[in-house]
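Data block for data_25.cif (mmCIF, C-alpha atoms):
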data_data
#
loop_
_atom_site.label_atom_id
_atom_site.label_comp_id
_atom_site.auth_asym_id
_atom_site.auth_seq_id
_atom_site.Cartn_x
_atom_site.Cartn_y
_atom_site.Cartn_z
CA MET K 1 38.95 196.75 58.01
CA ASN K 2 40.90 195.55 61.02
CA GLU K 3 41.60 191.87 61.59
CA LEU K 4 39.78 190.37 64.53
CA LYS K 5 41.74 189.87 67.70
CA THR K 6 42.63 186.23 68.13
CA ASN K 7 42.88 186.27 71.93
CA SER K 8 40.53 187.50 74.60
CA SER K 9 40.76 191.26 74.97
CA SER K 10 42.73 192.91 77.72
CA TRP K 11 39.38 194.27 78.93
CA ALA K 12 38.01 190.76 79.51
CA ALA K 13 41.20 189.66 81.23
CA ALA K 14 41.24 192.75 83.45
CA SER K 15 37.57 192.27 84.31
CA THR K 16 38.19 188.65 85.34
CA ARG K 17 41.21 189.76 87.39
CA ASN K 18 39.20 192.51 89.13
CA THR K 19 36.42 190.06 89.98
CA ALA K 20 38.91 187.59 91.44
CA ARG K 21 40.55 190.34 93.52
CA LEU K 22 37.17 191.47 94.83
CA ARG K 23 36.36 187.87 95.78
CA TYR K 24 39.64 187.51 97.72
CA TRP K 25 39.19 190.84 99.51
CA THR K 26 35.60 189.98 100.44
CA ILE K 27 36.63 186.58 101.84
CA ALA K 28 39.48 188.27 103.77
CA TRP K 29 37.10 190.90 105.14
CA LEU K 30 34.60 188.24 106.27
CA ALA K 31 37.42 186.29 107.94
CA THR K 32 38.79 189.34 109.77
CA THR K 33 35.26 190.35 110.78
CA ALA K 34 34.75 186.90 112.31
CA LEU K 35 38.15 187.19 114.03
CA ALA K 36 37.33 190.65 115.45
CA ALA K 37 33.88 189.45 116.58
CA PHE K 38 34.73 186.06 118.10
CA GLY K 39 38.47 186.33 118.80
CA PRO K 40 38.17 188.32 122.06
CA LYS K 41 35.85 185.74 123.65
CA TRP K 42 37.06 182.47 122.16
CA VAL K 43 40.73 182.98 121.29
CA TRP K 44 42.51 185.63 123.39
CA ASP K 45 40.20 186.15 126.40
CA PHE K 46 39.55 189.86 125.83
CA ASP K 47 43.21 190.89 125.77
CA THR K 48 42.88 194.61 124.97
CA LEU K 49 45.90 194.88 122.66
CA LEU K 50 44.88 191.85 120.58
CA THR K 51 41.27 193.07 120.45
CA ILE K 52 42.36 196.49 119.15
CA LEU K 53 44.69 194.78 116.69
CA GLY K 54 41.79 192.61 115.47
CA VAL K 55 39.58 195.66 114.90
CA VAL K 56 42.36 197.61 113.15
CA ILE K 57 43.10 194.67 110.84
CA ASN K 58 39.39 194.34 110.07
CA LEU K 59 39.13 198.04 109.19
CA GLY K 60 42.28 197.86 107.05
CA VAL K 61 41.04 194.84 105.12
CA GLY K 62 37.62 196.53 104.85
CA PHE K 63 39.29 199.52 103.20
CA GLY K 64 41.02 197.12 100.79
CA MET K 65 37.65 195.59 99.94
CA ILE K 66 36.20 199.04 99.22
CA VAL K 67 39.09 199.81 96.84
CA ALA K 68 38.65 196.39 95.19
CA THR K 69 34.93 197.10 94.74
CA ARG K 70 35.69 200.48 93.15
CA ASN K 71 38.23 198.87 90.80
CA HIS K 72 35.74 196.12 89.95
CA LEU K 73 33.06 198.71 89.13
CA ARG K 74 35.44 200.78 86.99
CA GLY K 75 36.50 197.66 85.11
CA LEU K 76 32.96 196.72 84.09
CA ASP K 77 31.61 197.72 80.68
CA GLU K 78 29.02 200.50 80.51
CA MET K 79 25.93 198.27 80.63
CA GLN K 80 27.32 196.26 83.52
CA GLN K 81 28.13 199.51 85.34
CA LYS K 82 24.55 200.69 84.85
CA ILE K 83 23.16 197.41 86.22
CA PHE K 84 25.54 197.59 89.19
CA LEU K 85 24.75 201.23 90.00
CA ASP K 86 20.97 200.73 89.63
CA ALA K 87 21.18 197.79 92.05
CA ALA K 88 23.37 199.79 94.46
CA ALA K 89 20.86 202.68 94.39
CA LEU K 90 18.00 200.26 95.10
CA SER K 91 19.96 198.69 97.96
CA LEU K 92 20.90 202.07 99.45
CA GLY K 93 17.34 203.38 99.19
CA ALA K 94 15.85 200.24 100.73
CA GLY K 95 18.47 200.31 103.49
CA LEU K 96 17.72 203.93 104.32
CA VAL K 97 13.92 203.72 104.20
CA PHE K 98 13.47 200.35 105.90
CA GLY K 99 16.42 200.90 108.27
CA ILE K 100 14.93 204.11 109.67
CA GLY K 101 11.44 202.55 109.73
CA TYR K 102 12.78 199.48 111.55
CA GLU K 103 14.52 201.64 114.16
CA LEU K 104 11.33 203.66 114.56
CA LEU K 105 9.31 200.53 115.34
CA GLU K 106 11.20 200.08 118.57
CA ASP K 107 11.06 203.78 119.49
CA ILE K 108 7.27 203.83 119.16
CA LYS K 109 6.95 200.47 120.99
CA LEU K 110 5.56 198.47 118.10
CA ILE K 111 8.26 195.84 118.59
CA SER K 112 9.74 194.72 121.89
CA PHE K 113 13.19 193.64 120.66
CA GLU K 114 16.12 195.84 119.73
CA PRO K 115 16.72 196.21 115.96
CA GLU K 116 19.93 194.53 114.82
CA ILE K 117 22.27 196.09 112.25
CA SER K 118 22.74 192.60 110.77
CA HIS K 119 19.05 192.61 109.71
CA LEU K 120 19.71 195.77 107.74
CA LEU K 121 22.76 194.21 106.09
CA VAL K 122 20.72 191.17 105.07
CA LEU K 123 18.00 193.42 103.61
CA MET K 124 20.55 195.48 101.66
CA SER K 125 22.28 192.34 100.38
CA ILE K 126 18.99 190.83 99.22
CA THR K 127 17.86 194.03 97.48
CA PHE K 128 21.28 194.40 95.82
CA ILE K 129 21.21 190.81 94.51
CA ALA K 130 17.58 191.27 93.39
CA GLY K 131 18.59 194.48 91.60
CA ILE K 132 21.46 192.74 89.80
CA ILE K 133 19.19 189.89 88.69
CA ALA K 134 16.46 192.32 87.56
CA GLY K 135 19.03 194.37 85.63
CA HIS K 136 20.38 191.34 83.80
CA ARG K 137 16.85 190.20 82.95
CA LYS K 138 15.97 193.68 81.68
CA TYR K 139 18.84 193.73 79.18
CA ARG K 140 18.72 190.04 78.25
CA MET Q 1 17.66 204.09 69.01
CA LYS Q 2 17.86 201.68 66.06
CA ASN Q 3 21.11 200.15 64.92
CA ARG Q 4 22.50 197.88 62.20
CA LEU Q 5 25.01 196.15 64.41
CA LYS Q 6 23.50 192.69 63.98
CA VAL Q 7 23.38 193.01 60.18
CA LEU Q 8 26.93 194.34 59.96
CA ARG Q 9 28.18 191.60 62.24
CA ALA Q 10 26.38 188.92 60.23
CA GLU Q 11 27.82 190.28 56.96
CA ARG Q 12 31.29 189.70 58.38
CA ASP Q 13 30.33 186.34 59.85
CA TRP Q 14 31.36 187.41 63.33
CA THR Q 15 29.89 186.05 66.54
CA GLN Q 16 28.61 188.30 69.30
CA ALA Q 17 31.57 187.20 71.40
CA GLN Q 18 34.04 188.25 68.68
CA LEU Q 19 32.39 191.65 68.32
CA ALA Q 20 32.34 192.06 72.11
CA ASN Q 21 36.04 191.22 72.17
CA GLU Q 22 36.73 193.93 69.59
CA LEU Q 23 34.67 196.54 71.43
CA ASP Q 24 36.00 195.62 74.90
CA VAL Q 25 32.55 194.89 76.29
CA SER Q 26 30.74 191.74 77.38
CA ARG Q 27 28.80 189.54 74.94
CA GLN Q 28 25.63 190.35 76.91
CA THR Q 29 26.17 194.05 76.20
CA VAL Q 30 26.52 193.42 72.45
CA ASN Q 31 23.33 191.36 72.57
CA ALA Q 32 21.44 194.10 74.44
CA ILE Q 33 22.63 196.77 71.96
CA GLU Q 34 21.67 194.63 68.96
CA LYS Q 35 18.19 194.11 70.41
CA GLY Q 36 17.82 197.84 71.07
CA LYS Q 37 17.49 197.29 74.81
CA PHE Q 38 20.60 199.25 75.68
CA ASP Q 39 21.86 202.41 73.98
CA PRO Q 40 25.66 202.60 73.85
CA SER Q 41 27.57 205.66 74.96
CA LEU Q 42 29.03 207.99 72.32
CA PRO Q 43 32.60 206.63 72.81
CA LEU Q 44 31.37 203.06 72.32
CA ALA Q 45 29.33 204.03 69.27
CA PHE Q 46 32.42 205.72 67.77
CA LYS Q 47 34.46 202.62 68.53
CA ALA Q 48 31.92 200.50 66.63
CA ALA Q 49 32.00 202.98 63.74
CA ARG Q 50 35.80 202.76 63.58
CA LEU Q 51 35.66 198.97 63.70
CA PHE Q 52 33.22 198.76 60.79
CA ASP Q 53 34.92 201.68 59.01
CA MET Q 54 31.62 203.49 58.68
CA ALA Q 55 30.07 206.77 59.77
CA ILE Q 56 28.40 206.58 63.14
CA GLU Q 57 25.00 207.58 61.69
CA ASP Q 58 25.21 204.70 59.20
CA ILE Q 59 25.17 202.29 62.14
CA PHE Q 60 22.99 204.07 64.71
CA GLN Q 61 19.80 205.95 63.89
CA ASP Q 62 17.52 207.98 66.13
CA GLU Q 63 14.01 206.51 66.19
CA VAL Q 64 12.30 209.80 67.09
CA GLY Q 65 10.20 210.95 64.15
CA SER Q 66 11.03 207.91 62.04
#
Show me the file's structure as structure tokens.
Amino acid sequence: MNELKTNSSSWAAASTRNTARLRYWTIAWLATTALAAFGPKWVWDFDTLLTILGVVINLGVGFGMIVATRNHLRGLDEMQQKIFLDAAALSLGAGLVFGIGYELLEDIKLISFEPEISHLLVLMSITFIAGIIAGHRKYR
Amino acid sequence: MKNRLKVLRAERDWTQAQLANELDVSRQTVNAIEKGKFDPSLPLAFKAARLFDMAIEDIFQDEVGS
């Protein structure tokens, strides 16, 4: 029988590295989103070139975050992948069903304010986190 | 699906973390497999069989009809 490895496996190290990369990309995306949202008004007085540059940088960093998320998912073990994908499916389903329903409320005059995309993002984030927690509890 | 992973691990005096390290999965995944809450994929089951130098069916058994 094989001797046990003495150090942490390359899988564990890669997983930790992927998580750290995803964290950095997410922080960078949030920062560039804030820059693209508030920069035109508070920093460069709606200069068109700088505004376009801010949006392009935000999209570029957003693409980097998507790649980092994919790499993070691929680096998880099979149970962690299942928990992640179950939570993502729950989040996507909730976002679709409640997002359309929320939009409909305004169309049929049941609410007087305009639905905000940020409300949908909050809902999807909460359902994703709830899905992750439920998944970990299920397999505990 | 039943499995003998916990028994085999205990016979070798390994911790869940050590077994997880060998199988390239998290300790939580080893725990879930041992408790029968998560069924491993075929590649992971074969990896466990190679590690314990046993046939795959000597570690994992189908519960249907048993």
Fill in: Coordinates-based distance that separates atom CA of Arg23 of chain K from atom CA of Leu19 of chain Q (Å, one decimal)
28.0 Å
Item to complete: Carefully work through the PyMOL selection byres ((chain K and resi 78) around 12) for this structure and note down the residues it includes, as a ChimeraX atom specification.
Response: /K:73-77,79-85 /Q:23-26,28-30,32-33,38-45
Would you output that residue set with C-alpha atoms, as a PDB file, in the frame of the given file?
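Listing of out_26.pdb after writing:
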ATOM      1  CA  LEU K  73      33.060 198.710  89.130  1.00  0.00           C
ATOM      2  CA  ARG K  74      35.440 200.780  86.990  1.00  0.00           C
ATOM      3  CA  GLY K  75      36.500 197.660  85.110  1.00  0.00           C
ATOM      4  CA  LEU K  76      32.960 196.720  84.090  1.00  0.00           C
ATOM      5  CA  ASP K  77      31.610 197.720  80.680  1.00  0.00           C
ATOM      6  CA  MET K  79      25.930 198.270  80.630  1.00  0.00           C
ATOM      7  CA  GLN K  80      27.320 196.260  83.520  1.00  0.00           C
ATOM      8  CA  GLN K  81      28.130 199.510  85.340  1.00  0.00           C
ATOM      9  CA  LYS K  82      24.550 200.690  84.850  1.00  0.00           C
ATOM     10  CA  ILE K  83      23.160 197.410  86.220  1.00  0.00           C
ATOM     11  CA  PHE K  84      25.540 197.590  89.190  1.00  0.00           C
ATOM     12  CA  LEU K  85      24.750 201.230  90.000  1.00  0.00           C
TER      13      LEU K  85
ATOM     14  CA  LEU Q  23      34.670 196.540  71.430  1.00  0.00           C
ATOM     15  CA  ASP Q  24      36.000 195.620  74.900  1.00  0.00           C
ATOM     16  CA  VAL Q  25      32.550 194.890  76.290  1.00  0.00           C
ATOM     17  CA  SER Q  26      30.740 191.740  77.380  1.00  0.00           C
ATOM     18  CA  GLN Q  28      25.630 190.350  76.910  1.00  0.00           C
ATOM     19  CA  THR Q  29      26.170 194.050  76.200  1.00  0.00           C
ATOM     20  CA  VAL Q  30      26.520 193.420  72.450  1.00  0.00           C
ATOM     21  CA  ALA Q  32      21.440 194.100  74.440  1.00  0.00           C
ATOM     22  CA  ILE Q  33      22.630 196.770  71.960  1.00  0.00           C
ATOM     23  CA  PHE Q  38      20.600 199.250  75.680  1.00  0.00           C
ATOM     24  CA  ASP Q  39      21.860 202.410  73.980  1.00  0.00           C
ATOM     25  CA  PRO Q  40      25.660 202.600  73.850  1.00  0.00           C
ATOM     26  CA  SER Q  41      27.570 205.660  74.960  1.00  0.00           C
ATOM     27  CA  LEU Q  42      29.030 207.990  72.320  1.00  0.00           C
ATOM     28  CA  PRO Q  43      32.600 206.630  72.810  1.00  0.00           C
ATOM     29  CA  LEU Q  44      31.370 203.060  72.320  1.00  0.00           C
ATOM     30  CA  ALA Q  45      29.330 204.030  69.270  1.00  0.00           C
TER      31      ALA Q  45
END
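For the structure in this document, the set picked by the PyMOL selection byres ((chain Q and resi 21) around 10) is Leu4, Lys5, Thr6, Asn7, Ser8, Ser9, Ser10, Trp11 and Ala12 of chain K; Thr15, Gln16, Ala17, Gln18, Leu19, Ala20, Glu22, Leu23, Asp24, Val25, Ser26, Arg27 and Val30 of chain Q.
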Discussion item. One number please: atom CA of Ile57 of chain K to atom CA of Ala31 of chain K, in Å, one decimal.
Written reply: 10.5 Å
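One distance worth recording is that between atom CA of Glu103 of chain K and atom CA of Leu90 of chain K, which is 19.4 Å.
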Identify all residues satisfying the PyMOL selection byres ((chain Q and resi 60) around 6) in the given file; provide them as a short mmCIF file (atom, residue, chain, number, x, y, z; two decimals) with C-alpha atoms, keeping the file's coordinate frame.
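Contents of the output file out.cif:
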data_model
loop_
_atom_site.label_atom_id
_atom_site.label_comp_id
_atom_site.auth_asym_id
_atom_site.auth_seq_id
_atom_site.Cartn_x
_atom_site.Cartn_y
_atom_site.Cartn_z
CA LYS Q 2 17.86 201.68 66.06
CA ASN Q 3 21.11 200.15 64.92
CA GLU Q 57 25.00 207.58 61.69
CA ASP Q 58 25.21 204.70 59.20
CA ILE Q 59 25.17 202.29 62.14
CA GLN Q 61 19.80 205.95 63.89
#
List the spatial neighbours of Asn71 of chain K as a PDB file with C-alpha atoms, in the coordinates of the input - criterion: any atom at most 10 Å away, only C-alpha atoms, same-chain residues fewer than 3 positions off excluded.
ATOM      1  CA  SER K  15      37.570 192.270  84.310  1.00  0.00           C
ATOM      2  CA  ASN K  18      39.200 192.510  89.130  1.00  0.00           C
ATOM      3  CA  THR K  19      36.420 190.060  89.980  1.00  0.00           C
ATOM      4  CA  ARG K  21      40.550 190.340  93.520  1.00  0.00           C
ATOM      5  CA  LEU K  22      37.170 191.470  94.830  1.00  0.00           C
ATOM      6  CA  MET K  65      37.650 195.590  99.940  1.00  0.00           C
ATOM      7  CA  ILE K  66      36.200 199.040  99.220  1.00  0.00           C
ATOM      8  CA  VAL K  67      39.090 199.810  96.840  1.00  0.00           C
ATOM      9  CA  ALA K  68      38.650 196.390  95.190  1.00  0.00           C
ATOM     10  CA  ARG K  74      35.440 200.780  86.990  1.00  0.00           C
ATOM     11  CA  GLY K  75      36.500 197.660  85.110  1.00  0.00           C
ATOM     12  CA  LEU K  76      32.960 196.720  84.090  1.00  0.00           C
TER      13      LEU K  76
END
Padding 6 Å on every side, please: axis-aligned box over the listed atoms of segment 7-19 of chain Q, centre and edge lengths to one decimal in Å, as lines of an AutoDock Vina configuration file.
center_x = 28.7
center_y = 190.2
center_z = 64.2
size_x = 22.7
size_y = 20.3
size_z = 26.4
Could you give me, as an mmCIF file with C-alpha atoms, in the frame of the given file, the residues within 10 Å of Glu114 of chain K, counting only C-alpha atoms and dropping anything in the same chain fewer than 6 positions from it?
data_model
loop_
_atom_site.group_PDB
_atom_site.id
_atom_site.type_symbol
_atom_site.label_atom_id
_atom_site.label_comp_id
_atom_site.auth_asym_id
_atom_site.auth_seq_id
_atom_site.Cartn_x
_atom_site.Cartn_y
_atom_site.Cartn_z
ATOM 1 C CA TYR K 102 12.780 199.480 111.550
ATOM 2 C CA GLU K 103 14.520 201.640 114.160
ATOM 3 C CA LEU K 105 9.310 200.530 115.340
ATOM 4 C CA GLU K 106 11.200 200.080 118.570
ATOM 5 C CA ASP K 107 11.060 203.780 119.490
#
My structure is short of atoms at segment 91-112 of chain K; please model N, CA and C atoms there, returning them as a tab-separated table (two decimals), in the coordinates of the input.
chain	number	residue	atom	x	y	z
K	91	SER	N	19.52	199.21	96.67
K	91	SER	CA	19.96	198.69	97.96
K	91	SER	C	20.11	199.83	98.98
K	92	LEU	N	20.70	200.92	98.56
K	92	LEU	CA	20.90	202.07	99.45
K	92	LEU	C	19.56	202.67	99.87
K	93	GLY	N	18.67	202.82	98.90
K	93	GLY	CA	17.34	203.38	99.19
K	93	GLY	C	16.56	202.49	100.15
K	94	ALA	N	16.56	201.19	99.87
K	94	ALA	CA	15.85	200.24	100.73
K	94	ALA	C	16.47	200.24	102.13
K	95	GLY	N	17.79	200.29	102.20
K	95	GLY	CA	18.47	200.31	103.49
K	95	GLY	C	18.11	201.53	104.30
K	96	LEU	N	18.04	202.67	103.64
K	96	LEU	CA	17.72	203.93	104.32
K	96	LEU	C	16.27	203.93	104.80
K	97	VAL	N	15.34	203.64	103.88
K	97	VAL	CA	13.92	203.72	104.20
K	97	VAL	C	13.52	202.68	105.24
K	98	PHE	N	13.88	201.41	104.98
K	98	PHE	CA	13.47	200.35	105.90
K	98	PHE	C	14.31	200.37	107.18
K	99	GLY	N	15.57	200.81	107.09
K	99	GLY	CA	16.42	200.90	108.27
K	99	GLY	C	15.86	201.90	109.27
K	100	ILE	N	15.50	203.08	108.79
K	100	ILE	CA	14.93	204.11	109.67
K	100	ILE	C	13.57	203.65	110.20
K	101	GLY	N	12.75	203.04	109.32
K	101	GLY	CA	11.44	202.55	109.73
K	101	GLY	C	11.56	201.47	110.79
K	102	TYR	N	12.54	200.59	110.62
K	102	TYR	CA	12.78	199.48	111.55
K	102	TYR	C	13.19	200.02	112.93
K	103	GLU	N	14.08	201.00	112.92
K	103	GLU	CA	14.52	201.64	114.16
K	103	GLU	C	13.35	202.32	114.86
K	104	LEU	N	12.49	202.93	114.03
K	104	LEU	CA	11.33	203.66	114.56
K	104	LEU	C	10.36	202.72	115.27
K	105	LEU	N	10.25	201.50	114.75
K	105	LEU	CA	9.31	200.53	115.34
K	105	LEU	C	9.58	200.31	116.82
K	106	GLU	N	10.87	200.28	117.16
K	106	GLU	CA	11.20	200.08	118.57
K	106	GLU	C	10.92	201.35	119.38
K	107	ASP	N	11.27	202.51	118.79
K	107	ASP	CA	11.06	203.78	119.49
K	107	ASP	C	9.60	204.00	119.83
K	108	ILE	N	8.71	203.59	118.92
K	108	ILE	CA	7.27	203.83	119.16
K	108	ILE	C	6.59	202.60	119.75
K	109	LYS	N	7.43	201.65	120.24
K	109	LYS	CA	6.95	200.47	120.99
K	109	LYS	C	6.06	199.53	120.19
K	110	LEU	N	6.32	199.44	118.90
K	110	LEU	CA	5.56	198.47	118.10
K	110	LEU	C	6.25	197.11	118.08
K	111	ILE	N	7.54	197.10	118.40
K	111	ILE	CA	8.26	195.84	118.59
K	111	ILE	C	8.97	195.90	119.93
K	112	SER	N	9.16	194.74	120.54
K	112	SER	CA	9.74	194.72	121.89
K	112	SER	C	11.24	194.46	121.88
